[in-house]
Amino acid sequence: MTRHLLTIDALSDGELLEVLDLATAPLDPTLYEDEPVALVFEHPSLRTRAAATVAVHQLGGWPVEFTGDEIGLDARESAEDVARTLAETFAVAALRVRRHGVLERVRAAAGGLSVVNLLSDAAHPTQAVADVLTIAEAHAGGDVRGLAGLRVGYVGDATNVTRSLAVALCRLGASVVVAAPPGYQLTPGGPEDALALGPALRLVSDPREAARGADVLYTDTWVSMGEEAEARRRREDLADYRVDEALVGLASERCVVLHCLPAHRGDEVTDGVLDGARSRVWRQVFHRRTAMLGVLAWLKGGG
Ligand code: CP
Ligand code: NVA
């Protein structure tokens, strides 16, 4: 059966662990031998593009990159026809899209094509895999099965990154508290539904509640890609949700700070925190590639 990664939610618990285990297993440099892999970007990307491109090469394949403008999903031709076209040349297509529904349509239109979400407005599952690897390394000696009881606080706009992170961590036994102002909090439903996970996830409005005693503090941009027109209002609404030294001071002594990046220094996070001793953001970047190796190996049935 063709495997896909559109959300963490769509993975069974066993499949999530399989992806995580493969990410740190010795890689098989022949797994994608001479195989082209399509990488499509409707939005800009540095980390995801670097991770995916290098991971494909490391597994013996070769990436073929397309920008959204070149392909024109639903502009030059329908997403379905793009999918059918890709399926004639590629077995795997990884896409960063503006609207999550496009990924679902690509998957539905092209039977044998494995589809990977490299970020949509709803989810960022490959980021979540990297985040779990980073957290496990910081707090459990690298054991992704050792996260039970860990307290993770998320502060700021509850984004695509928040949803995939919360689903992954709750599934692995951690507890997650998300602090966001009204209108920026997680909502029920959608393809990456963190709220369906029960009491492991708590939603609050006070950032101090998320930070107090946290083993991990996480934030993301206040203005996600596609929201640029709302930038001014978002900065005003979220001004009290900055991860600064005072907030980190409420966390546990072993707390590490994460951010998917790109960071907007002085907005959602201060220089002092991002560059401080608790920050693990560069290790997160490192794990974007190991996460992609795990995802690509899992698509092939475990490698
Ligand atoms: N974190 C992340 O996805 O970074 P890029 O947008 O640079 O790929
Ligand atoms: N929430 C951000 C994440 C960037 C990696 C965005 O969608 O732009």
# chains A, B, ... in the order shown; residues from 1 in each chain; ligands from 1
$ residues_around --residues "A:Glu80" --least-positions-apart "2" --cutoff "9 Å" --atoms "only C-alpha atoms" --output "short mmCIF file (atom, residue, chain, number, x, y, z; two decimals) with all heavy atoms, in the first residue's frame"
data_model
loop_
_atom_site.label_atom_id
_atom_site.label_comp_id
_atom_site.auth_asym_id
_atom_site.auth_seq_id
_atom_site.Cartn_x
_atom_site.Cartn_y
_atom_site.Cartn_z
N LEU A 73 -0.14 25.32 -9.20
CA LEU A 73 -1.19 24.43 -8.67
C LEU A 73 -2.52 25.16 -8.68
O LEU A 73 -2.68 26.19 -8.03
CB LEU A 73 -0.84 24.03 -7.23
CG LEU A 73 0.16 22.89 -7.05
CD1 LEU A 73 0.75 22.92 -5.64
CD2 LEU A 73 -0.50 21.55 -7.33
N ASP A 74 -3.47 24.66 -9.42
CA ASP A 74 -4.81 25.25 -9.56
C ASP A 74 -4.78 26.60 -10.30
O ASP A 74 -5.79 27.31 -10.30
CB ASP A 74 -5.50 25.43 -8.20
CG ASP A 74 -5.95 24.11 -7.63
OD1 ASP A 74 -6.21 23.17 -8.42
OD2 ASP A 74 -6.04 24.00 -6.40
N GLU A 77 -2.70 24.59 -14.11
CA GLU A 77 -3.57 23.42 -14.28
C GLU A 77 -4.03 22.98 -12.90
O GLU A 77 -3.53 23.44 -11.88
CB GLU A 77 -2.87 22.28 -15.02
CG GLU A 77 -1.60 21.78 -14.36
CD GLU A 77 -0.80 20.85 -15.27
OE1 GLU A 77 -1.40 19.96 -15.89
OE2 GLU A 77 0.43 21.01 -15.34
N SER A 78 -4.99 22.08 -12.87
CA SER A 78 -5.56 21.67 -11.58
C SER A 78 -4.54 20.88 -10.76
O SER A 78 -3.62 20.26 -11.32
CB SER A 78 -6.80 20.80 -11.81
OG SER A 78 -6.41 19.53 -12.30
N VAL A 82 -1.70 18.09 -11.95
CA VAL A 82 -0.30 18.14 -11.49
C VAL A 82 0.06 16.79 -10.87
O VAL A 82 1.11 16.20 -11.16
CB VAL A 82 -0.09 19.28 -10.47
CG1 VAL A 82 1.29 19.16 -9.80
CG2 VAL A 82 -0.23 20.64 -11.16
N ALA A 83 -0.84 16.28 -10.03
CA ALA A 83 -0.59 15.00 -9.35
C ALA A 83 -0.43 13.87 -10.37
O ALA A 83 0.50 13.05 -10.27
CB ALA A 83 -1.74 14.69 -8.40
N ARG A 84 -1.33 13.80 -11.34
CA ARG A 84 -1.27 12.72 -12.34
C ARG A 84 0.03 12.82 -13.13
O ARG A 84 0.65 11.81 -13.46
CB ARG A 84 -2.47 12.83 -13.28
CG ARG A 84 -3.79 12.50 -12.58
CD ARG A 84 -4.99 12.69 -13.49
NE ARG A 84 -6.22 12.57 -12.70
CZ ARG A 84 -7.12 13.54 -12.53
NH1 ARG A 84 -6.97 14.71 -13.13
NH2 ARG A 84 -8.18 13.34 -11.78
N THR A 85 0.44 14.05 -13.43
CA THR A 85 1.69 14.25 -14.17
C THR A 85 2.89 13.80 -13.33
O THR A 85 3.75 13.05 -13.81
CB THR A 85 1.84 15.74 -14.55
OG1 THR A 85 0.71 16.11 -15.34
CG2 THR A 85 3.12 16.00 -15.30
N VAL A 102 -5.09 20.90 -0.85
CA VAL A 102 -4.39 20.56 -2.09
C VAL A 102 -3.63 19.24 -1.92
O VAL A 102 -3.60 18.40 -2.83
CB VAL A 102 -3.45 21.71 -2.51
CG1 VAL A 102 -2.45 21.27 -3.56
CG2 VAL A 102 -4.27 22.90 -3.00
N ARG A 105 -6.02 16.43 -2.23
CA ARG A 105 -6.44 16.22 -3.62
C ARG A 105 -5.33 15.56 -4.43
O ARG A 105 -5.59 14.71 -5.28
CB ARG A 105 -6.85 17.56 -4.23
CG ARG A 105 -8.19 18.06 -3.68
CD ARG A 105 -8.44 19.50 -4.04
NE ARG A 105 -8.32 19.74 -5.47
CZ ARG A 105 -7.93 20.90 -6.01
NH1 ARG A 105 -7.60 21.93 -5.23
NH2 ARG A 105 -7.85 21.04 -7.30
N VAL A 106 -4.09 15.93 -4.18
CA VAL A 106 -2.96 15.31 -4.88
C VAL A 106 -2.92 13.82 -4.53
O VAL A 106 -2.80 12.96 -5.42
CB VAL A 106 -1.63 16.01 -4.52
CG1 VAL A 106 -0.43 15.20 -4.98
CG2 VAL A 106 -1.59 17.41 -5.13
N ARG A 107 -3.06 13.52 -3.26
CA ARG A 107 -3.05 12.11 -2.84
C ARG A 107 -4.19 11.33 -3.50
O ARG A 107 -4.01 10.22 -3.99
CB ARG A 107 -3.18 12.03 -1.32
CG ARG A 107 -3.19 10.59 -0.81
CD ARG A 107 -3.43 10.53 0.68
NE ARG A 107 -4.64 11.25 1.05
CZ ARG A 107 -5.05 11.47 2.29
NH1 ARG A 107 -4.31 11.05 3.29
NH2 ARG A 107 -6.15 12.12 2.53
N ALA A 108 -5.37 11.93 -3.54
CA ALA A 108 -6.54 11.23 -4.09
C ALA A 108 -6.43 11.02 -5.60
O ALA A 108 -6.90 10.01 -6.13
CB ALA A 108 -7.81 12.01 -3.76
N ALA A 109 -5.79 11.96 -6.29
CA ALA A 109 -5.78 11.91 -7.76
C ALA A 109 -4.73 10.96 -8.32
O ALA A 109 -4.86 10.47 -9.44
CB ALA A 109 -5.55 13.31 -8.33
N ALA A 110 -3.67 10.72 -7.53
CA ALA A 110 -2.54 9.94 -8.07
C ALA A 110 -2.29 8.73 -7.19
O ALA A 110 -1.53 8.80 -6.22
CB ALA A 110 -1.30 10.83 -8.14
#
$ residues_near_ligand --ligand "ligand 1" --cutoff "10 Å" --atoms "only C-alpha atoms and all ligand atoms" --output "PDB file with N, CA and C atoms, in the first residue's frame"
ATOM      1  N   PHE A  41       7.574  23.600  -3.787  1.00  0.00           N
ATOM      2  CA  PHE A  41       7.482  24.641  -2.757  1.00  0.00           C
ATOM      3  C   PHE A  41       6.616  25.803  -3.239  1.00  0.00           C
ATOM      4  N   HIS A  43       5.648  27.981  -0.958  1.00  0.00           N
ATOM      5  CA  HIS A  43       6.124  29.036  -0.046  1.00  0.00           C
ATOM      6  C   HIS A  43       7.648  28.949   0.013  1.00  0.00           C
ATOM      7  N   PRO A  44       8.302  30.019   0.473  1.00  0.00           N
ATOM      8  CA  PRO A  44       9.754  29.943   0.675  1.00  0.00           C
ATOM      9  C   PRO A  44      10.122  28.897   1.724  1.00  0.00           C
ATOM     10  N   SER A  45      11.355  28.432   1.670  1.00  0.00           N
ATOM     11  CA  SER A  45      11.845  27.470   2.658  1.00  0.00           C
ATOM     12  C   SER A  45      13.362  27.471   2.649  1.00  0.00           C
ATOM     13  N   LEU A  46      13.955  27.405   3.815  1.00  0.00           N
ATOM     14  CA  LEU A  46      15.399  27.173   3.927  1.00  0.00           C
ATOM     15  C   LEU A  46      15.647  25.785   4.533  1.00  0.00           C
ATOM     16  N   ARG A  47      15.187  25.601   5.770  1.00  0.00           N
ATOM     17  CA  ARG A  47      15.466  24.364   6.508  1.00  0.00           C
ATOM     18  C   ARG A  47      14.848  23.126   5.856  1.00  0.00           C
ATOM     19  N   THR A  48      13.575  23.248   5.504  1.00  0.00           N
ATOM     20  CA  THR A  48      12.876  22.072   4.971  1.00  0.00           C
ATOM     21  C   THR A  48      13.457  21.676   3.628  1.00  0.00           C
ATOM     22  N   ARG A  49      13.749  22.691   2.838  1.00  0.00           N
ATOM     23  CA  ARG A  49      14.318  22.416   1.517  1.00  0.00           C
ATOM     24  C   ARG A  49      15.708  21.794   1.635  1.00  0.00           C
ATOM     25  N   ALA A  50      16.521  22.364   2.529  1.00  0.00           N
ATOM     26  CA  ALA A  50      17.867  21.820   2.736  1.00  0.00           C
ATOM     27  C   ALA A  50      17.777  20.378   3.229  1.00  0.00           C
ATOM     28  N   ALA A  51      16.916  20.152   4.222  1.00  0.00           N
ATOM     29  CA  ALA A  51      16.809  18.819   4.816  1.00  0.00           C
ATOM     30  C   ALA A  51      16.332  17.796   3.788  1.00  0.00           C
ATOM     31  N   ALA A  52      15.296  18.154   3.037  1.00  0.00           N
ATOM     32  CA  ALA A  52      14.728  17.198   2.083  1.00  0.00           C
ATOM     33  C   ALA A  52      15.716  16.926   0.950  1.00  0.00           C
ATOM     34  N   ARG A  96       5.245  21.617  -0.185  1.00  0.00           N
ATOM     35  CA  ARG A  96       4.873  22.694   0.748  1.00  0.00           C
ATOM     36  C   ARG A  96       3.788  23.501   0.056  1.00  0.00           C
ATOM     37  N   LEU A 118       5.315  19.018   3.379  1.00  0.00           N
ATOM     38  CA  LEU A 118       6.481  19.784   3.832  1.00  0.00           C
ATOM     39  C   LEU A 118       6.057  21.110   4.450  1.00  0.00           C
ATOM     40  N   LEU A 119       4.859  21.208   4.904  1.00  0.00           N
ATOM     41  CA  LEU A 119       4.180  22.339   5.568  1.00  0.00           C
ATOM     42  C   LEU A 119       2.957  22.731   4.742  1.00  0.00           C
ATOM     43  N   HIS A 124       2.594  20.668  10.054  1.00  0.00           N
ATOM     44  CA  HIS A 124       4.012  20.623   9.642  1.00  0.00           C
ATOM     45  C   HIS A 124       4.621  19.350  10.249  1.00  0.00           C
ATOM     46  N   PRO A 125       4.220  18.191   9.717  1.00  0.00           N
ATOM     47  CA  PRO A 125       4.592  16.932  10.381  1.00  0.00           C
ATOM     48  C   PRO A 125       6.084  16.614  10.375  1.00  0.00           C
ATOM     49  N   THR A 126       6.820  16.981   9.326  1.00  0.00           N
ATOM     50  CA  THR A 126       8.251  16.637   9.338  1.00  0.00           C
ATOM     51  C   THR A 126       8.988  17.481  10.381  1.00  0.00           C
ATOM     52  N   GLN A 127       8.468  18.693  10.637  1.00  0.00           N
ATOM     53  CA  GLN A 127       9.016  19.512  11.725  1.00  0.00           C
ATOM     54  C   GLN A 127       8.772  18.829  13.073  1.00  0.00           C
ATOM     55  N   ALA A 128       7.569  18.297  13.253  1.00  0.00           N
ATOM     56  CA  ALA A 128       7.235  17.643  14.530  1.00  0.00           C
ATOM     57  C   ALA A 128       8.134  16.440  14.786  1.00  0.00           C
ATOM     58  N   ALA A 130      11.222  16.122  13.802  1.00  0.00           N
ATOM     59  CA  ALA A 130      12.505  16.691  14.227  1.00  0.00           C
ATOM     60  C   ALA A 130      12.420  17.217  15.662  1.00  0.00           C
ATOM     61  N   VAL A 161       2.561  24.417  13.093  1.00  0.00           N
ATOM     62  CA  VAL A 161       3.644  23.757  13.839  1.00  0.00           C
ATOM     63  C   VAL A 161       3.124  23.287  15.198  1.00  0.00           C
ATOM     64  N   ASP A 220       6.607  29.901  17.967  1.00  0.00           N
ATOM     65  CA  ASP A 220       6.678  30.002  16.502  1.00  0.00           C
ATOM     66  C   ASP A 220       6.353  31.453  16.156  1.00  0.00           C
ATOM     67  N   SER A 224       2.540  33.812  10.249  1.00  0.00           N
ATOM     68  CA  SER A 224       2.908  32.682   9.398  1.00  0.00           C
ATOM     69  C   SER A 224       2.827  33.068   7.923  1.00  0.00           C
ATOM     70  N   MET A 225       3.426  32.235   7.088  1.00  0.00           N
ATOM     71  CA  MET A 225       3.410  32.490   5.646  1.00  0.00           C
ATOM     72  C   MET A 225       1.962  32.533   5.149  1.00  0.00           C
ATOM     73  N   HIS A 259      12.248  26.448  18.805  1.00  0.00           N
ATOM     74  CA  HIS A 259      11.564  27.324  17.844  1.00  0.00           C
ATOM     75  C   HIS A 259      11.809  26.684  16.481  1.00  0.00           C
ATOM     76  N   CYS A 260      10.752  26.536  15.690  1.00  0.00           N
ATOM     77  CA  CYS A 260      10.938  25.865  14.400  1.00  0.00           C
ATOM     78  C   CYS A 260      11.792  26.689  13.448  1.00  0.00           C
ATOM     79  N   LEU A 261      11.826  28.013  13.659  1.00  0.00           N
ATOM     80  CA  LEU A 261      12.529  28.973  12.791  1.00  0.00           C
ATOM     81  C   LEU A 261      11.818  29.051  11.425  1.00  0.00           C
ATOM     82  N   PRO A 262      11.837  30.145  10.703  1.00  0.00           N
ATOM     83  CA  PRO A 262      12.619  31.342  11.015  1.00  0.00           C
ATOM     84  C   PRO A 262      12.053  32.106  12.209  1.00  0.00           C
ATOM     85  N   ALA A 263      13.001  32.675  13.016  1.00  0.00           N
ATOM     86  CA  ALA A 263      12.625  33.453  14.197  1.00  0.00           C
ATOM     87  C   ALA A 263      12.525  34.931  13.840  1.00  0.00           C
ATOM     88  N   VAL A 281      17.675  25.397  19.349  1.00  0.00           N
ATOM     89  CA  VAL A 281      17.085  25.599  18.024  1.00  0.00           C
ATOM     90  C   VAL A 281      17.993  25.104  16.888  1.00  0.00           C
ATOM     91  N   GLN A 284      17.603  21.466  16.602  1.00  0.00           N
ATOM     92  CA  GLN A 284      16.350  21.193  15.880  1.00  0.00           C
ATOM     93  C   GLN A 284      16.590  21.227  14.378  1.00  0.00           C
ATOM     94  N   VAL A 285      17.339  22.217  13.924  1.00  0.00           N
ATOM     95  CA  VAL A 285      17.643  22.308  12.497  1.00  0.00           C
ATOM     96  C   VAL A 285      18.391  21.052  12.047  1.00  0.00           C
ATOM     97  N   ARG A 288      16.098  18.268  11.393  1.00  0.00           N
ATOM     98  CA  ARG A 288      15.216  18.315  10.239  1.00  0.00           C
ATOM     99  C   ARG A 288      15.659  17.300   9.187  1.00  0.00           C
TER     100      ARG A 288
END
$ select_by_dssp --residues "stretch 151-264 of chain A" --states "strand (DSSP E or B)" --output "PyMOL selection string"
chain A and resi 151-155+175-179+201-204+216-219+243+256-259
$ select_by_dssp --residues "stretch 72-145 of chain A" --states "alpha helix (DSSP H)" --output "PyMOL selection string"
chain A and resi 79-89+100-109+125-139
$ residues_around --residues "stretch 57-70 of chain A" --least-positions-apart "4" --cutoff "7 Å" --atoms "only C-alpha atoms" --output "list in words"
Asp28, Pro29, Thr30, Leu31, Tyr32, Glu33, Asp34, Glu35, Pro36, Val37, Ala38, Leu39, Val40, Phe41, Glu42 and Thr53 of chain A
$ closest_residue --among "A:Ala239, A:Cys255, A:Val204, A:Ala122" --to "ligand 2" --atoms "only C-alpha atoms and all ligand atoms"
A:Ala122
$ closest_residue --among "A:Tyr154, A:Leu172, A:Arg99, A:Pro199" --to "A:Gly14" --atoms "only C-alpha atoms"
A:Leu172
